[in-house]
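**Student:** run_16.cif is reproduced below (mmCIF, C-alpha atoms).
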data_upload
#
loop_
_atom_site.label_atom_id
_atom_site.label_comp_id
_atom_site.auth_asym_id
_atom_site.auth_seq_id
_atom_site.Cartn_x
_atom_site.Cartn_y
_atom_site.Cartn_z
CA MET A 1 -2.06 227.28 74.16
CA VAL A 2 -0.71 229.75 71.59
CA ARG A 3 -2.14 233.19 72.10
CA GLU A 4 -3.54 234.93 69.04
CA ASN A 5 -3.29 238.62 68.18
CA LYS A 6 -0.16 239.49 70.10
CA LYS A 7 0.43 243.23 70.19
CA LEU A 8 3.70 244.74 68.98
CA VAL A 9 5.12 246.97 71.72
CA GLU A 10 8.59 247.75 70.32
CA GLU A 11 10.32 247.40 66.98
CA VAL A 12 13.85 248.09 65.78
CA SER A 13 13.55 248.28 62.02
CA GLY A 14 14.77 245.12 60.30
CA TRP A 15 16.23 243.59 63.42
CA LEU A 16 13.82 242.93 66.25
CA ARG A 17 10.17 242.99 67.38
CA VAL A 18 8.99 242.74 71.00
CA PHE A 19 5.41 241.77 71.82
CA ASP A 20 3.16 242.45 74.80
CA ASP A 21 3.48 238.86 76.06
CA GLY A 22 7.26 239.28 76.37
CA SER A 23 8.11 237.24 73.28
CA VAL A 24 10.77 238.49 70.87
CA ASP A 25 11.06 237.92 67.12
CA ARG A 26 14.56 238.43 65.69
CA THR A 27 13.74 237.36 62.14
CA TRP A 28 15.61 239.63 59.71
CA THR A 29 13.09 241.76 57.79
CA GLY A 30 15.50 244.19 56.16
CA PRO A 31 16.96 244.00 52.64
CA PRO A 32 17.31 240.30 51.66
CA GLU A 33 20.69 240.85 50.00
CA VAL A 34 22.36 241.47 53.37
CA LYS A 35 20.63 238.67 55.26
CA PHE A 36 23.61 236.34 54.73
CA MET A 37 25.65 238.36 57.24
CA SER A 38 23.28 237.32 60.03
CA GLU A 39 23.18 233.66 59.03
CA PRO A 40 24.87 231.17 61.39
CA VAL A 41 28.03 229.41 60.25
CA ALA A 42 28.27 225.79 61.39
CA PRO A 43 31.43 224.87 63.32
CA HIS A 44 34.06 222.87 61.39
CA LYS A 45 36.84 221.03 63.21
CA GLU A 46 38.76 220.62 59.97
CA PHE A 47 40.82 223.60 58.82
CA VAL A 48 39.09 225.82 56.26
CA ASN A 49 41.21 228.68 54.91
CA GLY A 50 43.64 228.10 57.77
CA VAL A 51 41.15 228.13 60.67
CA ALA A 52 39.18 225.40 62.47
CA THR A 53 36.19 226.14 64.70
CA LYS A 54 34.14 224.38 67.33
CA ASP A 55 31.53 225.24 69.96
CA VAL A 56 32.16 224.36 73.60
CA ILE A 57 29.95 224.56 76.70
CA VAL A 58 31.58 226.75 79.34
CA ASP A 59 28.99 226.42 82.09
CA GLU A 60 26.73 223.36 82.26
CA SER A 61 24.26 225.00 84.64
CA SER A 62 23.48 227.91 82.31
CA ASP A 63 24.43 226.24 79.01
CA LEU A 64 26.77 229.16 78.29
CA ARG A 65 28.79 228.38 75.16
CA VAL A 66 31.77 229.78 73.30
CA ARG A 67 33.01 229.36 69.76
CA ILE A 68 36.74 228.66 69.42
CA TYR A 69 38.71 229.71 66.33
CA LEU A 70 42.02 227.82 66.05
CA PRO A 71 44.54 229.00 63.43
CA GLU A 72 46.43 226.27 61.57
CA GLN A 73 50.10 225.97 62.51
CA LYS A 74 52.74 225.45 59.86
CA GLN A 75 54.55 222.15 60.36
CA GLU A 76 58.10 223.49 60.40
CA GLY A 77 60.27 221.57 62.81
CA HIS A 78 59.01 221.23 66.37
CA ASP A 79 57.64 224.66 67.17
CA ASP A 80 56.02 224.47 70.59
CA THR A 81 55.15 228.17 70.67
CA LYS A 82 51.86 228.77 72.48
CA LEU A 83 49.29 231.15 71.04
CA PRO A 84 47.66 234.22 72.62
CA ILE A 85 43.95 234.03 73.43
CA ILE A 86 41.51 236.70 72.23
CA LEU A 87 38.27 236.51 74.22
CA HIS A 88 35.61 238.07 71.98
CA PHE A 89 32.29 239.71 72.86
CA HIS A 90 29.97 240.32 69.91
CA GLY A 91 27.95 243.46 69.34
CA GLY A 92 24.29 244.00 68.57
CA GLY A 93 23.21 246.51 71.21
CA PHE A 94 22.99 243.65 73.75
CA CYS A 95 19.76 242.60 71.95
CA ILE A 96 20.68 240.85 68.70
CA SER A 97 23.35 238.73 66.97
CA GLN A 98 25.20 235.58 67.91
CA ALA A 99 28.80 234.44 68.03
CA ASP A 100 28.25 232.18 65.00
CA TRP A 101 26.89 234.90 62.66
CA TYR A 102 28.73 235.19 59.35
CA MET A 103 29.61 238.85 59.96
CA TYR A 104 31.75 237.75 62.91
CA TYR A 105 32.99 234.55 61.29
CA HIS A 106 34.42 236.40 58.28
CA ILE A 107 36.39 238.91 60.36
CA TYR A 108 37.44 236.74 63.33
CA THR A 109 38.77 233.90 61.16
CA LYS A 110 40.80 236.63 59.47
CA LEU A 111 41.96 238.03 62.81
CA ALA A 112 42.90 234.56 64.12
CA ARG A 113 45.09 234.03 61.04
CA ALA A 114 46.61 237.54 61.08
CA THR A 115 47.50 237.51 64.78
CA ASN A 116 48.19 233.74 65.02
CA ALA A 117 45.96 233.75 68.08
CA ILE A 118 43.09 231.61 69.30
CA VAL A 119 39.79 233.50 69.30
CA VAL A 120 37.20 232.46 71.88
CA SER A 121 33.85 234.09 71.09
CA VAL A 122 31.08 234.14 73.69
CA TYR A 123 27.42 233.33 73.00
CA GLN A 124 26.10 236.05 75.30
CA ARG A 125 22.55 236.14 76.61
CA LEU A 126 20.42 238.76 74.88
CA ALA A 127 18.09 241.49 76.10
CA PRO A 128 15.25 242.13 76.65
CA GLU A 129 14.83 238.55 77.90
CA HIS A 130 18.11 238.94 79.80
CA ARG A 131 18.81 242.57 80.63
CA LEU A 132 22.21 243.84 81.64
CA PRO A 133 24.38 242.87 83.39
CA ALA A 134 23.59 239.38 81.96
CA ALA A 135 25.87 239.73 78.91
CA ILE A 136 28.67 241.10 81.10
CA ASP A 137 28.19 238.22 83.54
CA ASP A 138 28.56 235.79 80.62
CA GLY A 139 31.75 237.50 79.48
CA TYR A 140 33.22 237.36 82.96
CA THR A 141 32.17 233.71 83.43
CA SER A 142 33.99 232.91 80.18
CA LEU A 143 37.14 234.60 81.46
CA LEU A 144 36.94 232.64 84.71
CA TRP A 145 36.52 229.46 82.62
CA LEU A 146 39.82 230.27 80.93
CA ARG A 147 41.34 230.66 84.41
CA LYS A 148 40.04 227.18 85.33
CA LEU A 149 41.71 225.77 82.24
CA ALA A 150 44.95 227.56 83.09
CA ARG A 151 44.82 226.03 86.58
CA GLY A 152 44.12 222.54 85.26
CA GLU A 153 40.68 222.47 86.86
CA GLN A 154 38.89 221.84 83.57
CA ASN A 155 39.78 220.39 80.19
CA GLU A 156 39.49 221.77 76.67
CA PRO A 157 41.98 220.04 74.34
CA TRP A 158 42.54 222.82 71.80
CA LEU A 159 43.21 225.46 74.44
CA LEU A 160 45.32 223.21 76.67
CA SER A 161 47.41 222.12 73.69
CA TYR A 162 47.93 225.47 71.97
CA ALA A 163 47.00 228.42 74.22
CA ASP A 164 49.27 230.76 76.15
CA PHE A 165 47.21 231.69 79.20
CA SER A 166 49.66 234.45 80.11
CA HIS A 167 48.58 236.38 77.02
CA VAL A 168 44.79 236.78 77.19
CA PHE A 169 43.16 239.76 75.49
CA LEU A 170 39.56 240.98 75.56
CA ILE A 171 38.02 242.31 72.34
CA GLY A 172 34.49 243.50 71.61
CA ASP A 173 32.51 245.05 68.78
CA SER A 174 30.14 247.95 69.56
CA SER A 175 28.20 246.91 72.70
CA GLY A 176 30.81 244.16 73.05
CA GLY A 177 33.27 246.99 73.66
CA ASN A 178 31.26 247.92 76.75
CA ILE A 179 31.66 244.33 77.90
CA VAL A 180 35.44 244.59 77.44
CA HIS A 181 35.55 247.51 79.87
CA HIS A 182 33.32 245.96 82.50
CA VAL A 183 34.85 242.47 82.37
CA ALA A 184 38.33 244.00 82.65
CA ALA A 185 37.18 246.09 85.63
CA ARG A 186 35.82 242.99 87.40
CA ALA A 187 38.94 241.02 86.55
CA GLY A 188 41.02 243.66 88.28
CA THR A 189 39.44 242.74 91.62
CA VAL A 190 40.40 239.02 91.57
CA ASP A 191 43.45 236.78 91.29
CA LEU A 192 43.47 235.36 87.76
CA SER A 193 46.83 233.61 88.05
CA PRO A 194 48.33 231.80 86.29
CA LEU A 195 46.21 233.51 83.62
CA ARG A 196 47.29 237.05 82.79
CA LEU A 197 44.92 239.60 81.30
CA ALA A 198 47.30 241.32 78.87
CA GLY A 199 45.01 243.88 77.24
CA GLY A 200 41.57 245.09 76.22
CA ILE A 201 40.45 246.14 72.73
CA PRO A 202 37.06 247.90 72.63
CA ILE A 203 36.11 248.51 68.97
CA HIS A 204 33.52 251.27 68.51
CA PRO A 205 32.16 250.74 72.05
CA GLY A 206 28.58 251.73 72.81
CA PHE A 207 29.48 254.44 75.31
CA VAL A 208 26.72 257.06 75.32
CA ARG A 209 24.87 259.54 77.49
CA ALA A 210 21.17 260.25 77.95
CA GLU A 211 21.67 263.66 76.35
CA ARG A 212 22.33 263.61 72.61
CA SER A 213 25.93 264.31 71.65
CA LYS A 214 26.93 266.62 68.79
CA SER A 215 28.01 263.65 66.68
CA GLU A 216 24.68 261.88 67.24
CA LEU A 217 22.94 264.96 65.88
CA GLU A 218 25.33 265.65 62.99
CA GLN A 219 27.03 262.44 61.83
CA PRO A 220 25.34 260.37 59.11
CA GLN A 221 23.52 257.26 60.28
CA SER A 222 24.88 253.97 58.95
CA PRO A 223 23.50 250.46 58.32
CA PHE A 224 25.05 249.20 61.55
CA LEU A 225 24.05 252.13 63.77
CA THR A 226 21.09 254.49 63.69
CA LEU A 227 19.69 256.70 66.43
CA ASP A 228 16.69 254.37 66.54
CA MET A 229 19.02 251.45 67.28
CA VAL A 230 20.95 253.39 69.93
CA ASP A 231 17.79 254.43 71.76
CA LYS A 232 15.69 251.28 71.46
CA PHE A 233 18.34 248.58 71.87
CA LEU A 234 19.82 250.26 74.93
CA GLY A 235 16.34 250.98 76.29
CA LEU A 236 15.62 247.25 76.12
CA ALA A 237 18.99 246.29 77.59
CA ILE A 238 19.78 248.53 80.55
CA PRO A 239 18.12 247.87 83.92
CA VAL A 240 14.46 248.91 84.06
CA GLY A 241 14.06 252.51 85.15
CA SER A 242 17.60 253.50 84.07
CA THR A 243 18.75 255.95 81.43
CA LYS A 244 21.75 255.81 79.12
CA ASP A 245 23.71 257.57 81.87
CA HIS A 246 23.85 254.18 83.62
CA PRO A 247 27.47 253.07 84.33
CA LEU A 248 27.05 250.09 81.98
CA THR A 249 26.62 252.44 79.03
CA CYS A 250 28.39 255.51 80.42
CA PRO A 251 31.45 254.30 82.36
CA MET A 252 32.97 257.79 82.16
CA GLY A 253 29.93 259.42 83.78
CA PRO A 254 29.42 260.62 87.36
CA GLY A 255 27.33 257.56 88.24
CA ALA A 256 30.12 255.13 87.37
CA PRO A 257 32.98 253.96 89.60
CA PRO A 258 35.89 256.41 89.19
CA LEU A 259 38.18 255.18 86.43
CA ASP A 260 41.31 255.97 88.46
CA GLY A 261 40.16 253.42 91.03
CA LEU A 262 39.95 250.57 88.52
CA LYS A 263 42.76 248.11 87.91
CA LEU A 264 42.72 247.81 84.13
CA PRO A 265 45.15 246.24 81.66
CA PRO A 266 46.48 248.29 78.71
CA PHE A 267 43.73 249.24 76.27
CA LEU A 268 43.62 249.84 72.52
CA LEU A 269 40.50 251.90 71.86
CA CYS A 270 39.41 251.68 68.21
CA ILE A 271 37.15 254.39 66.80
CA ALA A 272 35.73 255.27 63.37
CA SER A 273 35.87 258.96 62.42
CA LYS A 274 32.27 258.99 61.12
CA ASP A 275 30.79 256.95 63.97
CA LEU A 276 27.50 258.31 65.23
CA ILE A 277 28.75 258.05 68.82
CA ILE A 278 32.36 259.19 68.32
CA ASP A 279 31.93 262.15 70.72
CA THR A 280 31.15 259.96 73.74
CA GLU A 281 33.76 257.38 72.69
CA MET A 282 36.34 260.18 72.69
CA GLU A 283 35.01 261.38 76.03
CA TYR A 284 35.78 257.88 77.38
CA PHE A 285 39.30 258.05 75.91
CA GLU A 286 39.98 261.44 77.52
CA ALA A 287 38.61 260.21 80.85
CA MET A 288 40.89 257.15 80.69
CA LYS A 289 43.91 259.36 79.95
CA LYS A 290 42.98 261.69 82.81
CA ALA A 291 42.81 258.65 85.10
CA ASN A 292 46.37 257.76 84.01
CA LYS A 293 45.28 254.55 82.30
CA ASP A 294 47.44 252.94 79.62
CA VAL A 295 45.23 253.53 76.58
CA GLU A 296 46.16 253.78 72.91
CA LEU A 297 43.83 255.23 70.27
CA LEU A 298 43.21 254.14 66.68
CA ILE A 299 40.90 256.24 64.51
CA ASN A 300 39.90 254.75 61.16
CA LYS A 301 39.47 257.75 58.86
CA GLY A 302 36.28 258.10 56.85
CA MET A 303 34.68 255.00 58.38
CA THR A 304 31.33 254.47 60.12
CA HIS A 305 30.31 252.24 63.03
CA SER A 306 31.39 248.58 62.71
CA PHE A 307 32.48 249.13 59.08
CA TYR A 308 34.79 246.08 59.15
CA LEU A 309 31.84 243.74 59.86
CA ASN A 310 30.10 244.78 56.64
CA LYS A 311 31.36 242.05 54.29
CA ILE A 312 29.76 243.70 51.26
CA ALA A 313 31.58 247.00 51.88
CA VAL A 314 34.86 245.24 52.67
CA ASP A 315 34.63 243.36 49.35
CA MET A 316 33.30 246.19 47.17
CA ASP A 317 34.87 249.37 48.54
CA PRO A 318 38.69 249.67 48.42
CA GLU A 319 38.72 252.30 51.20
CA THR A 320 36.75 250.07 53.57
CA ALA A 321 39.01 247.13 52.72
CA SER A 322 42.12 249.24 53.34
CA GLU A 323 40.88 250.58 56.68
CA THR A 324 39.94 247.05 57.74
CA GLU A 325 43.56 246.02 57.12
CA VAL A 326 44.72 249.04 59.15
CA LEU A 327 42.49 247.90 62.03
CA ILE A 328 43.71 244.29 61.91
CA THR A 329 47.36 245.34 61.69
CA ARG A 330 47.04 247.67 64.69
CA ILE A 331 45.36 244.91 66.74
CA LYS A 332 48.12 242.50 65.68
CA ASP A 333 50.81 244.97 66.80
CA PHE A 334 49.05 245.63 70.11
CA ILE A 335 48.91 241.91 70.88
CA LYS A 336 52.53 241.43 69.85
CA ASN A 337 53.67 244.27 72.13
CA HIS A 338 51.78 243.12 75.23
#
Do you think you could lay out the structure here as structure tokens?
**Tutor:**
Amino acid sequence: MVRENKKLVEEVSGWLRVFDDGSVDRTWTGPPEVKFMSEPVAPHKEFVNGVATKDVIVDESSDLRVRIYLPEQKQEGHDDTKLPIILHFHGGGFCISQADWYMYYHIYTKLARATNAIVVSVYQRLAPEHRLPAAIDDGYTSLLWLRKLARGEQNEPWLLSYADFSHVFLIGDSSGGNIVHHVAARAGTVDLSPLRLAGGIPIHPGFVRAERSKSELEQPQSPFLTLDMVDKFLGLAIPVGSTKDHPLTCPMGPGAPPLDGLKLPPFLLCIASKDLIIDTEMEYFEAMKKANKDVELLINKGMTHSFYLNKIAVDMDPETASETEVLITRIKDFIKNH
């Protein structure tokens, strides 16, 4: 029986509504002209603009899926070169978005072409139905699935034919950047061989503290990150009774495992100079350096949170387009060098 008159208990403007019976409505209610960025893109096994895509089930018991982006190889001689793997964790404050959304499709097809790498994007479980660490568990399960493929314990034709399992990189947008850190930390406690985790690339990670930072108070809010989104999404995602000082959102804080005790691969931390949460992202960078971790820093000047995912801005604003190319080139160089 469908219950009438459900009461709204939480709302994140445009993105999400939570009701008193636990149900969640993620219908986009913001400006209709940007709705296309949150529309799903169907997989296509034929090459379109140099990239083919398909969805694959990673874990039958949980129905965990990934989307694979395979770049087309030029038929010049008999080049048997294997391609790096980029394991991708999408953003959305752990509460919204999917691996097949157009905003990810437009940038990760581009990244697959630019880096000549296979992108494997995870359909993570979402909060509040699945609070953290569910999304991190899904990311780690996906990495262990790649290890099974590398060991010949499972079969996925595209990856077995084209992938170099000794060059696996983690990449994540916004809250997906948090997943990069935590999956890499878990991976450091196990034997992944013959797979090698070659690097991590958190892009504008959602590292915050319970206390407002200076940048949160002073930086302009952007379409992809407002204080309302920071507070409400993370409030719905972190374990009940926790604050933003929880290790999952504040890995550089006193409640988190000491960074110098973690076995982490080299990192490329990507930051936007006008990001609302740049202060705590930089705090993470300084903590990583203090812990003697191999971490590089890219700061995109004049840009806001997740600017490169905003297809309208990338198409219409030359500065955004230019900084997106800077970001892609730096990621390409990082992968090439590791």
**Student:** Looking at all atoms listed in the file, which of A:Val41, A:Ile331, A:Leu195, A:Leu146 is the one that sits closest to His167 of chain A?
**Tutor:**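 Closest candidate: A:Leu195.
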**Student:** Find the residue from A:Leu126, A:Leu132, A:Leu16, A:Ile86 that sits nearest to Leu111 of chain A; use all atoms listed in the file when measuring.
**Tutor:**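 Checking each of A:Leu126, A:Leu132, A:Leu16, A:Ile86 against Leu111 of chain A, counting all atoms listed in the file, the winner is A:Ile86.
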**Student:** Under the PyMOL selection byres ((chain A and resi 269-279) around 10), which residues of this model are included? Write them out as a PDB file with C-alpha atoms, keeping the file's coordinate frame.
**Tutor:**
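Saved result, part30.pdb, follows:
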ATOM      1  CA  ILE A 171      38.020 242.310  72.340  1.00  0.00           C
ATOM      2  CA  ASP A 173      32.510 245.050  68.780  1.00  0.00           C
ATOM      3  CA  SER A 174      30.140 247.950  69.560  1.00  0.00           C
ATOM      4  CA  GLY A 177      33.270 246.990  73.660  1.00  0.00           C
ATOM      5  CA  GLY A 200      41.570 245.090  76.220  1.00  0.00           C
ATOM      6  CA  ILE A 201      40.450 246.140  72.730  1.00  0.00           C
ATOM      7  CA  PRO A 202      37.060 247.900  72.630  1.00  0.00           C
ATOM      8  CA  ILE A 203      36.110 248.510  68.970  1.00  0.00           C
ATOM      9  CA  HIS A 204      33.520 251.270  68.510  1.00  0.00           C
ATOM     10  CA  PRO A 205      32.160 250.740  72.050  1.00  0.00           C
ATOM     11  CA  GLY A 206      28.580 251.730  72.810  1.00  0.00           C
ATOM     12  CA  PHE A 207      29.480 254.440  75.310  1.00  0.00           C
ATOM     13  CA  VAL A 208      26.720 257.060  75.320  1.00  0.00           C
ATOM     14  CA  ARG A 209      24.870 259.540  77.490  1.00  0.00           C
ATOM     15  CA  ARG A 212      22.330 263.610  72.610  1.00  0.00           C
ATOM     16  CA  SER A 213      25.930 264.310  71.650  1.00  0.00           C
ATOM     17  CA  LYS A 214      26.930 266.620  68.790  1.00  0.00           C
ATOM     18  CA  SER A 215      28.010 263.650  66.680  1.00  0.00           C
ATOM     19  CA  GLU A 216      24.680 261.880  67.240  1.00  0.00           C
ATOM     20  CA  LEU A 217      22.940 264.960  65.880  1.00  0.00           C
ATOM     21  CA  GLU A 218      25.330 265.650  62.990  1.00  0.00           C
ATOM     22  CA  GLN A 219      27.030 262.440  61.830  1.00  0.00           C
ATOM     23  CA  PRO A 220      25.340 260.370  59.110  1.00  0.00           C
ATOM     24  CA  GLN A 221      23.520 257.260  60.280  1.00  0.00           C
ATOM     25  CA  SER A 222      24.880 253.970  58.950  1.00  0.00           C
ATOM     26  CA  PHE A 224      25.050 249.200  61.550  1.00  0.00           C
ATOM     27  CA  LEU A 225      24.050 252.130  63.770  1.00  0.00           C
ATOM     28  CA  THR A 226      21.090 254.490  63.690  1.00  0.00           C
ATOM     29  CA  LEU A 227      19.690 256.700  66.430  1.00  0.00           C
ATOM     30  CA  VAL A 230      20.950 253.390  69.930  1.00  0.00           C
ATOM     31  CA  PRO A 266      46.480 248.290  78.710  1.00  0.00           C
ATOM     32  CA  PHE A 267      43.730 249.240  76.270  1.00  0.00           C
ATOM     33  CA  LEU A 268      43.620 249.840  72.520  1.00  0.00           C
ATOM     34  CA  THR A 280      31.150 259.960  73.740  1.00  0.00           C
ATOM     35  CA  GLU A 281      33.760 257.380  72.690  1.00  0.00           C
ATOM     36  CA  MET A 282      36.340 260.180  72.690  1.00  0.00           C
ATOM     37  CA  GLU A 283      35.010 261.380  76.030  1.00  0.00           C
ATOM     38  CA  TYR A 284      35.780 257.880  77.380  1.00  0.00           C
ATOM     39  CA  PHE A 285      39.300 258.050  75.910  1.00  0.00           C
ATOM     40  CA  VAL A 295      45.230 253.530  76.580  1.00  0.00           C
ATOM     41  CA  GLU A 296      46.160 253.780  72.910  1.00  0.00           C
ATOM     42  CA  LEU A 297      43.830 255.230  70.270  1.00  0.00           C
ATOM     43  CA  LEU A 298      43.210 254.140  66.680  1.00  0.00           C
ATOM     44  CA  ILE A 299      40.900 256.240  64.510  1.00  0.00           C
ATOM     45  CA  ASN A 300      39.900 254.750  61.160  1.00  0.00           C
ATOM     46  CA  LYS A 301      39.470 257.750  58.860  1.00  0.00           C
ATOM     47  CA  GLY A 302      36.280 258.100  56.850  1.00  0.00           C
ATOM     48  CA  MET A 303      34.680 255.000  58.380  1.00  0.00           C
ATOM     49  CA  THR A 304      31.330 254.470  60.120  1.00  0.00           C
ATOM     50  CA  HIS A 305      30.310 252.240  63.030  1.00  0.00           C
ATOM     51  CA  SER A 306      31.390 248.580  62.710  1.00  0.00           C
ATOM     52  CA  PHE A 307      32.480 249.130  59.080  1.00  0.00           C
ATOM     53  CA  GLU A 323      40.880 250.580  56.680  1.00  0.00           C
ATOM     54  CA  LEU A 327      42.490 247.900  62.030  1.00  0.00           C
ATOM     55  CA  ARG A 330      47.040 247.670  64.690  1.00  0.00           C
ATOM     56  CA  ILE A 331      45.360 244.910  66.740  1.00  0.00           C
TER      57      ILE A 331
END
**Student:** Atom CA of Ser166 of chain A and atom CA of Pro84 of chain A, how far apart in Å?
**Tutor:**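 About the pair atom CA of Pro84 of chain A and atom CA of Ser166 of chain A: they are 7.8 Å apart.
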**Student:** Could you tell me which residues the PyMOL selection byres ((chain A and resi 62-75) around 6) returns for this structure, as a list in words?
**Tutor:** Gly50, Val51, Ala52, Thr53, Lys54, Asp55, Val56, Ile57, Val58, Asp59, Glu60, Ser61, Glu76, Ala112, Arg113, Ile118, Val119, Val120, Ser121, Val122 and Tyr123 of chain A
**Student:** Tell me, counting only C-alpha atoms, for each residue of segment 273-338 of chain A within 12 Å of segment 23-36 of chain A, which pair of atoms is nearest and how far apart they are in Å to one decimal, in rows ordered by chain and increasing number, as JSON lines.
**Tutor:**
{"residue": "A:Leu309", "atom": "CA", "partner": "A:Val34", "partner_atom": "CA", "distance": 11.7}
{"residue": "A:Asn310", "atom": "CA", "partner": "A:Val34", "partner_atom": "CA", "distance": 9.0}
{"residue": "A:Lys311", "atom": "CA", "partner": "A:Val34", "partner_atom": "CA", "distance": 9.1}
{"residue": "A:Ile312", "atom": "CA", "partner": "A:Val34", "partner_atom": "CA", "distance": 8.0}
{"residue": "A:Ala313", "atom": "CA", "partner": "A:Val34", "partner_atom": "CA", "distance": 10.9}
**Student:** Do you know which residues the PyMOL selection byres ((chain A and resi 94) around 12) returns on this file, as a PDB file with C-alpha atoms, keeping the file's coordinate frame?
**Tutor:**
ATOM      1  CA  LEU A  16      13.820 242.930  66.250  1.00  0.00           C
ATOM      2  CA  PHE A  89      32.290 239.710  72.860  1.00  0.00           C
ATOM      3  CA  HIS A  90      29.970 240.320  69.910  1.00  0.00           C
ATOM      4  CA  GLY A  91      27.950 243.460  69.340  1.00  0.00           C
ATOM      5  CA  GLY A  92      24.290 244.000  68.570  1.00  0.00           C
ATOM      6  CA  GLY A  93      23.210 246.510  71.210  1.00  0.00           C
ATOM      7  CA  CYS A  95      19.760 242.600  71.950  1.00  0.00           C
ATOM      8  CA  ILE A  96      20.680 240.850  68.700  1.00  0.00           C
ATOM      9  CA  SER A  97      23.350 238.730  66.970  1.00  0.00           C
ATOM     10  CA  GLN A  98      25.200 235.580  67.910  1.00  0.00           C
ATOM     11  CA  TYR A 123      27.420 233.330  73.000  1.00  0.00           C
ATOM     12  CA  GLN A 124      26.100 236.050  75.300  1.00  0.00           C
ATOM     13  CA  ARG A 125      22.550 236.140  76.610  1.00  0.00           C
ATOM     14  CA  LEU A 126      20.420 238.760  74.880  1.00  0.00           C
ATOM     15  CA  ALA A 127      18.090 241.490  76.100  1.00  0.00           C
ATOM     16  CA  PRO A 128      15.250 242.130  76.650  1.00  0.00           C
ATOM     17  CA  GLU A 129      14.830 238.550  77.900  1.00  0.00           C
ATOM     18  CA  HIS A 130      18.110 238.940  79.800  1.00  0.00           C
ATOM     19  CA  ARG A 131      18.810 242.570  80.630  1.00  0.00           C
ATOM     20  CA  LEU A 132      22.210 243.840  81.640  1.00  0.00           C
ATOM     21  CA  PRO A 133      24.380 242.870  83.390  1.00  0.00           C
ATOM     22  CA  ALA A 134      23.590 239.380  81.960  1.00  0.00           C
ATOM     23  CA  ALA A 135      25.870 239.730  78.910  1.00  0.00           C
ATOM     24  CA  ILE A 136      28.670 241.100  81.100  1.00  0.00           C
ATOM     25  CA  ASP A 138      28.560 235.790  80.620  1.00  0.00           C
ATOM     26  CA  GLY A 172      34.490 243.500  71.610  1.00  0.00           C
ATOM     27  CA  ASP A 173      32.510 245.050  68.780  1.00  0.00           C
ATOM     28  CA  SER A 174      30.140 247.950  69.560  1.00  0.00           C
ATOM     29  CA  SER A 175      28.200 246.910  72.700  1.00  0.00           C
ATOM     30  CA  GLY A 176      30.810 244.160  73.050  1.00  0.00           C
ATOM     31  CA  GLY A 177      33.270 246.990  73.660  1.00  0.00           C
ATOM     32  CA  ASN A 178      31.260 247.920  76.750  1.00  0.00           C
ATOM     33  CA  ILE A 179      31.660 244.330  77.900  1.00  0.00           C
ATOM     34  CA  PRO A 205      32.160 250.740  72.050  1.00  0.00           C
ATOM     35  CA  GLY A 206      28.580 251.730  72.810  1.00  0.00           C
ATOM     36  CA  MET A 229      19.020 251.450  67.280  1.00  0.00           C
ATOM     37  CA  VAL A 230      20.950 253.390  69.930  1.00  0.00           C
ATOM     38  CA  LYS A 232      15.690 251.280  71.460  1.00  0.00           C
ATOM     39  CA  PHE A 233      18.340 248.580  71.870  1.00  0.00           C
ATOM     40  CA  LEU A 234      19.820 250.260  74.930  1.00  0.00           C
ATOM     41  CA  GLY A 235      16.340 250.980  76.290  1.00  0.00           C
ATOM     42  CA  LEU A 236      15.620 247.250  76.120  1.00  0.00           C
ATOM     43  CA  ALA A 237      18.990 246.290  77.590  1.00  0.00           C
ATOM     44  CA  ILE A 238      19.780 248.530  80.550  1.00  0.00           C
ATOM     45  CA  LEU A 248      27.050 250.090  81.980  1.00  0.00           C
ATOM     46  CA  THR A 249      26.620 252.440  79.030  1.00  0.00           C
TER      47      THR A 249
END
**Student:** Env of Glu10 of chain A: 7 Å cut, atoms = only C-alpha atoms, seq-sep filter 6 positions within chain, self excluded. Answer as a VMD selection string.
**Tutor:** chain A and resid 17 to 19
**Student:** What does the file look like for those residues with C-alpha atoms, as a PDB file, in the frame of the given file?
**Tutor:**
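Contents of selection.pdb, as written:
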ATOM      1  CA  ARG A  17      10.170 242.990  67.380  1.00  0.00           C
ATOM      2  CA  VAL A  18       8.990 242.740  71.000  1.00  0.00           C
ATOM      3  CA  PHE A  19       5.410 241.770  71.820  1.00  0.00           C
TER       4      PHE A  19
END
**Student:** For a quick check of understanding, using only C-alpha atoms, which of A:Ala210, A:Val183, A:Met37, A:Val190 has the smallest distance to Tyr104 of chain A?
**Tutor:** A:Met37
**Student:** Quote the spacing between atom CA of Ala42 of chain A and atom CA of Lys110 of chain A in Å to one decimal place.
**Tutor:** 16.7 Å
**Student:** Using only C-alpha atoms, pick whichever of A:Arg196, A:Glu319, A:His181, A:Arg147 has the shortest atom-to-atom distance to Val168 of chain A.
**Tutor:** A:Arg196
**Student:** In Å, rounded to a single decimal, give me how far atom CA of Lys293 of chain A is from atom CA of Ile335 of chain A.
**Tutor:** 17.4 Å
**Student:** From the set A:Val9, A:Leu144, A:Met252, A:Ala117, which residue has the shortest atom-to-atom contact distance to Lys336 of chain A, counting all atoms listed in the file?
**Tutor:**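 Distance minimum relative to Lys336 of chain A lands on A:Ala117.
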**Student:** Which residue, A:Pro239, A:Gly261, A:Pro318, A:Gly253, has the smallest gap to Glu211 of chain A when you use only C-alpha atoms?
**Tutor:**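 For Glu211 of chain A, the nearest of the candidates is A:Gly253.
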**Student:** Using all atoms listed in the file, which protein or nucleic acid residues come within 7 Å of segment 151-164 of chain A? Drop anything in the same chain fewer than 5 positions from it, and give the result as a PyMOL selection string.
**Tutor:** chain A and resi 82-85+194
**Student:** Keeping C-alpha atoms, export the residues of the selection given above as a PDB file, in the coordinates of the input.
**Tutor:**
ATOM      1  CA  LYS A  82      51.860 228.770  72.480  1.00  0.00           C
ATOM      2  CA  LEU A  83      49.290 231.150  71.040  1.00  0.00           C
ATOM      3  CA  PRO A  84      47.660 234.220  72.620  1.00  0.00           C
ATOM      4  CA  ILE A  85      43.950 234.030  73.430  1.00  0.00           C
ATOM      5  CA  PRO A 194      48.330 231.800  86.290  1.00  0.00           C
TER       6      PRO A 194
END
